[in-house]
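*Asks:* Pasting a structure here, questions to come.
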Amino acid sequence: MLAWMGLRHPATDELELPAVLHALSDPQRLSIVRTLAASDEPRRCGSFHLTVTKSTQTHHFRVLREAGVIEQQEDGTARLNSLRREDLDLRFPGLLDAILAPAGVTPSRVATGRVG
């Protein structure tokens, strides 16, 4: 485990496929990942338009972080979220492309951060 800014994140070689797939299996968490894949910059937790309570949002971000799908950095009282694309592509080549493709996100547009 790596600790970035006080938060624990699994190292690249510690990423486990069942945990990653579980994290990506929830529609709210998948929405977070899709949004991050389309973003050029890290995003605050409050900037996602999720249809769940704040405590449930916190749970979803924790599941994604603990699975190694996202990186969270503390920024004052907020947390900045970014997709661990390089780590996931290194550990599970093509996984994110396959998961994001059904949403109209092509691999070349995901790699450049441009969607739509």
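By convention in this document, the chains of the structure tokens carry letters A, B, ... by their order, each chain's residues are numbered from 1, and ligands are numbered from 1 in the order they are shown.
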If you run DSSP on the backbone, which residues of segment 7-111 of chain A are strand (DSSP E or B), as a PyMOL selection string?
*Replies:* chain A and resi 7-9+43-44+70-75+78-83
*Asks:* Skipping near chain neighbours, those fewer than 6 positions away, what residues fall within 10 Å of His22 of chain A using only C-alpha atoms, listed as an MDAnalysis selection string?
*Replies:* chainID A and resid 29 63:64 67
*Asks:* Go ahead and save the picked residues with C-alpha atoms, as a short mmCIF file (atom, residue, chain, number, x, y, z; two decimals), in the first residue's frame.
*Replies:*
```
data_model
loop_
_atom_site.label_atom_id
_atom_site.label_comp_id
_atom_site.auth_asym_id
_atom_site.auth_seq_id
_atom_site.Cartn_x
_atom_site.Cartn_y
_atom_site.Cartn_z
CA ARG A 29 -18.90 4.37 -9.49
CA VAL A 63 -14.32 1.66 -2.91
CA LEU A 64 -12.74 3.10 -6.06
CA ALA A 67 -9.45 -0.95 -5.46
#
```
*Asks:* Under the rule that only C-alpha atoms are counted, which of A:Arg85, A:Arg79, A:Arg34, A:Arg65 is the nearest residue to Ala101 of chain A?
*Replies:*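 Smallest distance to Ala101 of chain A is found for A:Arg34.
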*Asks:* Which is closer to Thr77 of chain A than all the others in A:Leu21, A:Thr53, A:Ala98, A:Cys45, using only C-alpha atoms?
*Replies:*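 Between A:Leu21, A:Thr53, A:Ala98, A:Cys45, the residue approaching Thr77 of chain A most closely is A:Cys45.
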*Asks:* My list of candidates is A:Ala78, A:Val69, A:Ser31, A:Gln57. Which is closest to Leu96 of chain A when distances are computed with only C-alpha atoms?
*Replies:*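 Smallest distance to Leu96 of chain A is found for A:Val69.
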*Asks:* Using only C-alpha atoms, which of A:Glu66, A:Asp87, A:Glu74, A:Asp97 sits nearest Thr12 of chain A?
*Replies:* A:Asp87
*Asks:* Could you give me the residues within chain A that DSSP places in helix (DSSP H, G or I), as a PyMOL selection string?
*Replies:* chain A and resi 12-14+17-24+27-37+45-47+54-67+85-91+95-103+107-112
*Asks:* Keeping only C-alpha atoms, write the selected residues as a PDB file, in the first residue's frame.
*Replies:*
```pdb
ATOM      1  CA  THR A  12       0.300  -0.934  -9.041  1.00  0.00           C
ATOM      2  CA  ASP A  13       1.446  -4.509  -8.455  1.00  0.00           C
ATOM      3  CA  GLU A  14      -1.144  -4.881  -5.674  1.00  0.00           C
ATOM      4  CA  LEU A  17      -8.809  -7.759 -10.933  1.00  0.00           C
ATOM      5  CA  PRO A  18     -11.772  -8.878  -8.759  1.00  0.00           C
ATOM      6  CA  ALA A  19     -11.523  -5.693  -6.661  1.00  0.00           C
ATOM      7  CA  VAL A  20     -11.251  -3.473  -9.742  1.00  0.00           C
ATOM      8  CA  LEU A  21     -14.196  -5.193 -11.441  1.00  0.00           C
ATOM      9  CA  HIS A  22     -16.269  -4.930  -8.256  1.00  0.00           C
ATOM     10  CA  ALA A  23     -15.465  -1.218  -8.027  1.00  0.00           C
ATOM     11  CA  LEU A  24     -16.518  -0.716 -11.643  1.00  0.00           C
ATOM     12  CA  PRO A  27     -23.464   2.462 -11.950  1.00  0.00           C
ATOM     13  CA  GLN A  28     -22.559   5.415  -9.692  1.00  0.00           C
ATOM     14  CA  ARG A  29     -18.903   4.371  -9.487  1.00  0.00           C
ATOM     15  CA  LEU A  30     -18.789   3.749 -13.233  1.00  0.00           C
ATOM     16  CA  SER A  31     -20.176   7.254 -13.746  1.00  0.00           C
ATOM     17  CA  ILE A  32     -17.346   8.641 -11.607  1.00  0.00           C
ATOM     18  CA  VAL A  33     -14.768   6.736 -13.685  1.00  0.00           C
ATOM     19  CA  ARG A  34     -16.306   7.903 -16.969  1.00  0.00           C
ATOM     20  CA  THR A  35     -16.253  11.497 -15.769  1.00  0.00           C
ATOM     21  CA  LEU A  36     -12.623  11.213 -14.678  1.00  0.00           C
ATOM     22  CA  ALA A  37     -11.652   9.562 -17.975  1.00  0.00           C
ATOM     23  CA  CYS A  45     -15.802  14.917  -4.900  1.00  0.00           C
ATOM     24  CA  GLY A  46     -18.574  17.522  -4.856  1.00  0.00           C
ATOM     25  CA  SER A  47     -18.243  18.209  -8.591  1.00  0.00           C
ATOM     26  CA  LYS A  54     -23.176  12.403   0.561  1.00  0.00           C
ATOM     27  CA  SER A  55     -22.362   9.437   2.808  1.00  0.00           C
ATOM     28  CA  THR A  56     -23.033   7.029  -0.060  1.00  0.00           C
ATOM     29  CA  GLN A  57     -20.843   9.147  -2.354  1.00  0.00           C
ATOM     30  CA  THR A  58     -18.052   8.900   0.212  1.00  0.00           C
ATOM     31  CA  HIS A  59     -18.470   5.118   0.202  1.00  0.00           C
ATOM     32  CA  HIS A  60     -18.249   4.960  -3.614  1.00  0.00           C
ATOM     33  CA  PHE A  61     -15.067   7.053  -3.698  1.00  0.00           C
ATOM     34  CA  ARG A  62     -13.524   4.863  -0.969  1.00  0.00           C
ATOM     35  CA  VAL A  63     -14.325   1.661  -2.906  1.00  0.00           C
ATOM     36  CA  LEU A  64     -12.738   3.100  -6.058  1.00  0.00           C
ATOM     37  CA  ARG A  65      -9.649   4.297  -4.145  1.00  0.00           C
ATOM     38  CA  GLU A  66      -9.141   1.055  -2.225  1.00  0.00           C
ATOM     39  CA  ALA A  67      -9.446  -0.949  -5.461  1.00  0.00           C
ATOM     40  CA  ARG A  85      -5.261   5.161 -15.936  1.00  0.00           C
ATOM     41  CA  GLU A  86      -1.548   4.399 -16.372  1.00  0.00           C
ATOM     42  CA  ASP A  87      -1.492   1.989 -13.418  1.00  0.00           C
ATOM     43  CA  LEU A  88      -4.642   0.193 -14.585  1.00  0.00           C
ATOM     44  CA  ASP A  89      -3.391  -0.021 -18.182  1.00  0.00           C
ATOM     45  CA  LEU A  90      -0.066  -1.408 -16.984  1.00  0.00           C
ATOM     46  CA  ARG A  91      -1.660  -4.025 -14.726  1.00  0.00           C
ATOM     47  CA  LEU A  95      -9.566  -3.174 -19.377  1.00  0.00           C
ATOM     48  CA  LEU A  96     -10.561   0.481 -19.145  1.00  0.00           C
ATOM     49  CA  ASP A  97     -10.882   0.757 -22.924  1.00  0.00           C
ATOM     50  CA  ALA A  98     -13.261  -2.214 -22.911  1.00  0.00           C
ATOM     51  CA  ILE A  99     -15.316  -0.851 -20.029  1.00  0.00           C
ATOM     52  CA  LEU A 100     -15.501   2.724 -21.305  1.00  0.00           C
ATOM     53  CA  ALA A 101     -16.175   1.831 -24.956  1.00  0.00           C
ATOM     54  CA  PRO A 102     -19.902   1.067 -24.482  1.00  0.00           C
ATOM     55  CA  ALA A 103     -20.389   4.636 -23.264  1.00  0.00           C
ATOM     56  CA  PRO A 107      -9.655   4.319 -26.661  1.00  0.00           C
ATOM     57  CA  SER A 108      -7.934   7.143 -28.557  1.00  0.00           C
ATOM     58  CA  ARG A 109     -10.248   9.750 -27.050  1.00  0.00           C
ATOM     59  CA  VAL A 110      -9.868   8.275 -23.570  1.00  0.00           C
ATOM     60  CA  ALA A 111      -6.067   8.348 -23.871  1.00  0.00           C
ATOM     61  CA  THR A 112      -6.126  12.048 -24.749  1.00  0.00           C
TER      62      THR A 112
END
```
*Asks:* Between A:Leu15, A:Leu80, A:Leu7, A:Ile70, single out the one closest to Arg44 of chain A, counting only C-alpha atoms.
*Replies:* A:Leu80
*Asks:* In Å, how far is it from atom CA of Ala38 of chain A to atom CA of Glu71 of chain A?
*Replies:*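 Those two atoms sit 15.4 Å apart.
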*Asks:* I'd like to know which of A:Arg43, A:Ser82, A:His49, A:Phe92 is closest to Glu16 of chain A, using only C-alpha atoms.
*Replies:*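 Closest candidate: A:Phe92.
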*Asks:* State, in Å with one decimal place, the distance from atom CA of Glu41 of chain A to atom CA of Ser25 of chain A.
*Replies:*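 Taking atom CA of Glu41 of chain A as the start and atom CA of Ser25 of chain A as the end point, the length is 24.0 Å.
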